[in-house]
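Listing of input17.txt, compact mmCIF, C-alpha atoms
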# COMPACT_ATOMS: atom_id res chain seq x y z
CA MET F 806 0.00 0.00 0.00
CA ASP F 807 1.51 3.32 -1.03
CA ALA F 808 1.52 6.39 1.22
CA GLN F 809 -1.44 8.07 -0.49
CA ALA F 810 -3.63 4.97 -0.27
CA ARG F 811 -2.72 4.43 3.39
CA LYS F 812 -3.52 8.05 4.20
CA TYR F 813 -6.95 7.70 2.64
CA ALA F 814 -7.57 4.36 4.37
CA LEU F 815 -6.77 5.81 7.81
CA ALA F 816 -9.00 8.82 7.18
CA ALA F 817 -11.85 6.60 5.97
CA GLN F 818 -11.40 4.29 8.98
CA ARG F 819 -11.65 7.17 11.42
CA THR F 820 -14.71 8.59 9.65
CA GLU F 821 -16.47 5.22 9.66
CA ILE F 822 -15.82 4.46 13.32
CA THR F 823 -16.91 7.99 14.23
CA GLU F 824 -20.13 7.65 12.26
CA TYR F 825 -20.76 4.25 13.85
CA HIS F 826 -20.73 5.89 17.29
CA ILE F 827 -22.85 8.81 16.07
CA TYR F 828 -25.58 6.62 14.58
CA LYS F 829 -25.50 4.25 17.56
CA ARG F 830 -25.87 7.08 20.08
CA LEU F 831 -28.61 8.77 18.06
CA ALA F 832 -30.48 5.45 17.78
CA GLY F 833 -30.45 5.17 21.56
CA LYS F 834 -31.82 8.67 21.99
CA THR F 835 -34.65 8.67 19.43
CA LYS F 836 -38.14 7.78 20.64
CA ASN F 837 -39.29 6.63 17.21
CA SER F 838 -38.75 2.85 17.00
CA LYS F 839 -38.61 2.83 13.18
CA ASN F 840 -36.01 5.59 13.13
CA ALA F 841 -34.01 3.75 15.80
CA GLU F 842 -34.08 0.60 13.67
CA VAL F 843 -32.79 2.50 10.62
CA LEU F 844 -30.05 4.22 12.62
CA ASN F 845 -28.94 0.94 14.25
CA ARG F 846 -28.78 -0.78 10.85
CA ILE F 847 -26.69 2.05 9.40
CA ALA F 848 -24.45 1.97 12.49
CA GLY F 849 -23.83 -1.74 11.95
CA GLN F 850 -22.77 -1.17 8.35
CA GLU F 851 -20.49 1.69 9.34
CA LYS F 852 -18.86 -0.61 11.89
CA GLN F 853 -18.28 -3.21 9.18
CA HIS F 854 -16.71 -0.55 6.95
CA ALA F 855 -14.43 0.51 9.82
CA ALA F 856 -13.38 -3.12 10.36
CA PHE F 857 -12.51 -3.42 6.67
CA TRP F 858 -10.27 -0.34 6.79
CA GLU F 859 -8.65 -1.64 9.97
CA SER F 860 -7.76 -4.86 8.14
CA LYS F 861 -6.01 -2.71 5.53
CA THR F 862 -4.19 -0.31 7.86
CA GLY F 863 -3.38 -2.84 10.58
CA GLN F 864 -4.05 -0.38 13.37
CA GLN F 865 -6.92 0.76 15.53
CA VAL F 866 -8.23 4.31 15.19
CA LYS F 867 -10.20 6.23 17.80
CA PRO F 868 -13.36 8.14 16.81
CA ASP F 869 -13.29 11.89 16.29
CA LYS F 870 -14.73 12.92 19.67
CA TRP F 871 -15.22 16.56 18.67
CA ARG F 872 -17.30 15.59 15.66
CA LEU F 873 -19.20 12.98 17.70
CA TYR F 874 -20.24 15.33 20.50
CA ARG F 875 -20.87 18.22 18.12
CA THR F 876 -23.31 16.13 16.09
CA LEU F 877 -25.06 14.85 19.21
CA LEU F 878 -25.35 18.42 20.49
CA LEU F 879 -26.81 19.63 17.19
CA ALA F 880 -29.31 16.76 17.20
CA ARG F 881 -30.40 17.60 20.73
CA PHE F 882 -30.94 21.33 20.25
CA LEU F 883 -31.66 21.67 16.52
CA GLY F 884 -33.25 18.30 15.80
CA LEU F 885 -32.24 14.98 14.32
CA SER F 886 -33.12 16.18 10.82
CA PHE F 887 -30.66 19.08 10.89
CA ALA F 888 -27.81 17.09 12.45
CA LEU F 889 -28.04 14.18 10.00
CA LYS F 890 -28.56 16.33 6.93
CA LEU F 891 -25.61 18.54 7.86
CA MET F 892 -23.44 15.48 8.42
CA GLU F 893 -24.54 14.06 5.07
CA GLU F 894 -23.95 17.33 3.24
CA LYS F 895 -20.74 18.60 4.80
CA GLU F 896 -18.94 15.56 6.17
CA GLY F 897 -18.58 11.81 5.97
CA THR F 898 -17.02 9.55 3.40
CA GLY F 899 -20.17 9.52 1.28
CA ALA F 900 -21.05 7.58 -1.86
CA ASP F 901 -19.31 9.98 -4.25
CA ASN F 902 -16.08 9.93 -2.25
CA TYR F 903 -15.97 6.12 -2.25
CA VAL F 904 -16.49 6.02 -6.00
CA ARG F 905 -13.43 8.25 -6.45
CA GLN F 906 -11.32 6.07 -4.14
CA ALA F 907 -12.24 2.78 -5.82
CA ARG F 908 -8.99 3.06 -7.83
CA TYR F 909 -7.08 2.37 -4.61
CA PHE F 910 -9.50 -0.15 -3.10
CA PRO F 911 -11.97 -1.98 -5.40
CA GLU F 912 -14.15 -2.80 -2.36
CA ALA F 913 -14.90 0.91 -2.03
CA ALA F 914 -17.34 0.57 -4.96
CA ASP F 915 -19.56 -1.63 -2.77
CA PHE F 916 -19.25 0.86 0.07
CA ALA F 917 -20.37 3.61 -2.30
CA ARG F 918 -23.57 1.71 -2.99
CA GLU F 919 -24.20 1.16 0.72
CA GLU F 920 -23.49 4.83 1.52
CA GLY F 921 -25.96 5.83 -1.19
CA GLU F 922 -28.57 3.58 0.43
CA HIS F 923 -27.81 5.18 3.80
CA GLU F 924 -28.51 8.62 2.38
CA LYS F 925 -31.82 7.46 0.87
CA GLU F 926 -32.86 5.79 4.13
CA ILE F 927 -32.03 8.92 6.11
CA LEU F 928 -33.96 11.15 3.72
CA LYS F 929 -36.97 8.83 3.84
CA MET F 930 -36.77 8.69 7.61
CA LEU F 931 -36.60 12.47 7.93
CA GLU F 932 -39.65 13.08 5.74
CA GLY F 933 -41.87 12.29 8.69
CA GLY F 934 -39.59 13.84 11.30
CA ASN F 935 -39.47 17.28 12.87
CA LEU F 936 -39.83 18.98 9.48
CA THR F 937 -43.61 18.61 9.67
CA PHE F 938 -44.16 22.06 11.12
CA VAL F 939 -41.38 23.94 9.34
CA GLY F 940 -44.06 25.71 7.27
CA SER F 941 -45.75 26.95 10.46
CA VAL F 942 -42.43 28.19 11.86
CA VAL F 943 -41.67 29.94 8.57
CA LEU F 944 -45.07 31.63 8.70
CA GLY F 945 -44.53 32.86 12.26
CA LEU F 946 -40.96 34.04 11.72
CA ASN F 947 -41.56 35.68 8.37
CA ASP F 948 -44.64 37.60 9.51
CA ALA F 949 -43.00 38.70 12.75
CA LEU F 950 -39.88 39.92 10.98
CA VAL F 951 -41.78 41.81 8.29
CA GLU F 952 -44.53 43.25 10.49
CA LEU F 953 -42.53 44.07 13.61
CA THR F 954 -39.43 45.53 11.93
CA GLY F 955 -41.80 47.68 9.91
CA ALA F 956 -43.83 48.68 12.96
CA LEU F 957 -40.74 49.49 15.07
CA ALA F 958 -39.23 51.53 12.25
CA GLY F 959 -42.46 53.52 11.99
CA PHE F 960 -42.78 53.91 15.78
CA THR F 961 -39.20 55.20 16.01
CA LEU F 962 -40.11 58.43 14.26
CA ALA F 963 -43.82 58.61 15.05
CA LEU F 964 -43.37 58.14 18.82
CA GLY F 965 -41.07 59.61 21.43
CA GLU F 966 -39.17 57.65 24.12
CA THR F 967 -37.85 54.12 23.73
CA LYS F 968 -40.10 52.87 26.54
CA ILE F 969 -43.18 54.05 24.67
CA ILE F 970 -41.89 52.45 21.45
CA SER F 971 -41.12 49.17 23.24
CA ILE F 972 -44.54 49.00 24.90
CA ALA F 973 -46.31 49.83 21.63
CA GLY F 974 -44.20 47.22 19.83
CA LEU F 975 -44.83 44.59 22.50
CA VAL F 976 -48.59 45.11 22.46
CA THR F 977 -48.55 44.99 18.65
CA GLY F 978 -46.38 41.86 18.64
CA ILE F 979 -48.36 39.89 21.22
CA SER F 980 -51.65 40.72 19.54
CA ALA F 981 -50.25 39.75 16.14
CA ALA F 982 -48.83 36.48 17.54
CA LEU F 983 -52.23 35.46 18.90
CA SER F 984 -53.89 36.51 15.66
CA MET F 985 -51.41 34.51 13.55
CA ALA F 986 -51.77 31.42 15.74
CA ALA F 987 -55.57 31.61 15.52
CA SER F 988 -55.43 32.07 11.74
CA GLU F 989 -53.09 29.10 11.34
CA PHE F 990 -55.37 26.95 13.51
CA LEU F 991 -58.48 27.83 11.50
CA SER F 992 -56.66 27.43 8.19
CA THR F 993 -55.21 23.97 8.92
CA LYS F 994 -58.43 22.80 10.57
CA THR F 995 -60.42 23.84 7.49
CA GLU F 996 -58.05 21.72 5.39
CA GLY F 997 -58.89 18.73 7.59
CA ASP F 998 -55.43 18.50 9.15
CA PRO F 999 -55.68 16.84 12.61
CA ARG F 1000 -52.51 18.65 13.71
CA ALA F 1001 -54.13 22.10 13.60
CA LYS F 1002 -53.36 22.80 17.28
CA GLU F 1003 -49.69 21.90 16.89
CA ALA F 1004 -49.38 24.03 13.75
CA ALA F 1005 -50.95 27.00 15.54
CA LEU F 1006 -48.63 26.50 18.51
CA TYR F 1007 -45.50 26.46 16.32
CA THR F 1008 -46.67 29.59 14.48
CA GLY F 1009 -47.51 31.48 17.67
CA ILE F 1010 -44.33 30.53 19.53
CA SER F 1011 -42.02 31.37 16.60
CA TYR F 1012 -43.80 34.71 16.16
CA LEU F 1013 -43.65 35.57 19.87
CA ALA F 1014 -39.99 34.54 20.22
CA THR F 1015 -39.08 36.80 17.29
CA VAL F 1016 -41.10 39.66 18.82
CA ILE F 1017 -39.25 39.39 22.15
CA LEU F 1018 -35.82 39.40 20.46
CA LEU F 1019 -36.66 42.41 18.31
CA ILE F 1020 -38.21 44.41 21.17
CA LEU F 1021 -35.30 43.92 23.60
CA PRO F 1022 -33.03 46.67 22.15
CA PHE F 1023 -35.70 49.30 22.90
CA PHE F 1024 -35.80 48.15 26.53
CA LEU F 1025 -32.01 48.14 26.89
CA VAL F 1026 -30.87 51.16 24.83
CA ASP F 1027 -31.91 54.76 25.49
CA ASN F 1028 -31.19 56.11 22.00
CA LYS F 1029 -34.10 54.94 19.85
CA PHE F 1030 -32.20 55.26 16.58
CA VAL F 1031 -29.38 53.07 17.92
CA ALA F 1032 -32.00 50.62 19.17
CA LEU F 1033 -33.59 50.53 15.72
CA GLY F 1034 -30.20 49.84 14.14
CA ILE F 1035 -29.69 46.90 16.53
CA VAL F 1036 -33.18 45.62 15.67
CA LEU F 1037 -32.37 45.61 11.96
CA VAL F 1038 -29.10 43.74 12.57
CA LEU F 1039 -30.93 41.21 14.76
CA ALA F 1040 -33.56 40.75 12.08
CA LEU F 1041 -30.87 39.98 9.49
CA LEU F 1042 -29.18 37.51 11.88
CA ILE F 1043 -32.49 35.74 12.53
CA ILE F 1044 -33.18 35.58 8.78
CA TRP F 1045 -29.67 34.21 8.15
CA GLY F 1046 -29.87 31.57 10.90
CA PHE F 1047 -33.33 30.32 10.07
CA ASN F 1048 -32.76 30.19 6.32
CA TYR F 1049 -29.50 28.32 6.83
CA TYR F 1050 -31.36 25.76 8.96
CA VAL F 1051 -34.16 25.34 6.41
CA SER F 1052 -31.72 25.20 3.48
CA VAL F 1053 -29.91 22.28 5.13
CA VAL F 1054 -32.95 20.20 6.09
CA LYS F 1055 -34.95 20.99 2.94
CA ASP F 1056 -32.10 21.09 0.37
CA LEU F 1057 -33.03 24.62 -0.71
CA ASP F 1058 -30.97 27.49 -2.11
CA PHE F 1059 -29.76 29.39 0.97
CA LYS F 1060 -28.59 32.58 -0.76
CA LYS F 1061 -31.78 33.00 -2.75
CA ARG F 1062 -34.02 32.49 0.29
CA PHE F 1063 -31.91 34.74 2.50
CA TRP F 1064 -31.80 37.69 0.11
CA GLU F 1065 -35.48 37.35 -0.71
CA MET F 1066 -36.56 37.38 2.94
CA ALA F 1067 -34.04 40.07 3.92
CA SER F 1068 -35.10 42.35 1.05
CA ILE F 1069 -38.76 42.11 2.02
CA SER F 1070 -38.12 42.75 5.74
CA MET F 1071 -35.71 45.64 5.19
CA GLY F 1072 -37.90 47.09 2.43
CA VAL F 1073 -40.96 47.15 4.67
CA ALA F 1074 -38.88 48.66 7.50
CA ALA F 1075 -37.60 51.43 5.21
CA PHE F 1076 -41.09 52.21 3.94
CA SER F 1077 -42.50 52.26 7.48
CA PHE F 1078 -39.69 54.55 8.59
CA LEU F 1079 -40.66 57.00 5.83
CA VAL F 1080 -44.32 56.73 6.85
CA GLY F 1081 -43.33 57.53 10.44
CA PHE F 1082 -41.27 60.48 9.21
CA GLY F 1083 -44.26 61.75 7.20
CA LEU F 1084 -46.66 61.38 10.12
CA ASN F 1085 -44.22 63.08 12.42
CA ALA F 1086 -43.89 66.04 10.05
CA LEU F 1087 -47.65 66.19 9.51
CA LEU F 1088 -48.61 66.01 13.18
CA GLY F 1089 -45.62 67.92 14.50
CA VAL F 1090 -44.68 65.33 17.12
CA ASP F 1091 -41.48 66.13 19.03
CA VAL F 1092 -39.05 63.24 18.58

Represent the structure of the file as structure tokens.
Amino acid sequence: MDAQARKYALAAQRTEITEYHIYKRLAGKTKNSKNAEVLNRIAGQEKQHAAFWESKTGQQVKPDKWRLYRTLLLARFLGLSFALKLMEEKEGTGADNYVRQARYFPEAADFAREEGEHEKEILKMLEGGNLTFVGSVVLGLNDALVELTGALAGFTLALGETKIISIAGLVTGISAALSMAASEFLSTKTEGDPRAKEAALYTGISYLATVILLILPFFLVDNKFVALGIVLVLALLIIWGFNYYVSVVKDLDFKKRFWEMASISMGVAAFSFLVGFGLNALLGVDV
């Protein structure tokens, strides 16, 4: 075995043994018996792959603990769907990689087929996972970002102190969150979806959480224009984070979704700011 082939074999061995531990640990944590069965089966195959590479390298390799605990942490806080899709997309040996390395090890062609089956099994498993209510979360986040950034931008010039702006924004946000949740409930119930309550809950919570984050600067900063600037930055960060999450689990174009959502939110905020400026000039309010 030449140096290049050995280097690849050791890297593949470490990846496989790491993924074995990842899938095994995730299988033990999931409450869905079918998902656990799929994850345990994949873990077993990864262990077999690791044993094959060990027979070639002649040495034992420890798993990548950083990658192991990072993936488990992502699965715990951001969901199994996100963790597995990110691992599939960004890391791992993968079917394509094994096809390229078949020139060194002919057995890698069989591994490529098995890795491809893993990816299909994971995708099929995730279809019924925690992506069910992504649409409801999108609805809550998108409406909160567009409506509240616009409202706060308008309030900044139309109203006086930051406390008044924050109270007005909070009342507006809470009312809108309840309204959005009720609308989502009635809409999904009309469609005959038995999960109408859950959909409404996801919509309302995502809306309210966004409202609280965007209102905070007006509670913490005395200068309302500085507070508004912080709100706009927070809005862009929320848009970036959420669209990155959705782009991973849904295989969507991140840049397109981000710029589309950011343009709408910032556009509405700019228009509302001008409306507030016009009202202020018309009514002669001291800002």

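Across the structure, atom CA of F:Val951 and atom CA of F:Leu983 are spaced 16.2 Å apart.
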
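The two atoms in question, atom CA of F:Ile1035 and atom CA of F:Pro1022, are spaced 6.5 Å apart.
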
For this session: May I have the residues within 9 Å of F:Val1053 as a ChimeraX atom specification, using all atoms listed in the file and disregarding those fewer than 6 positions away in the same chain?
Result: /F:886-887,890-891,894,1059

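Atom CA of F:Leu964 sits 13.0 Å away from atom CA of F:Leu1087.
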
Seminar exercise, completed: Using all atoms listed in the file, the best pick from F:Asn1028, F:Asn947, F:Thr977, F:Thr995 as closest to F:Gly965 would be F:Asn1028

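Closest approach to F:Arg830 from the set F:Tyr813, F:Phe960, F:Phe1063, F:Tyr874 is made by F:Tyr874, with distances taken over all atoms listed in the file.
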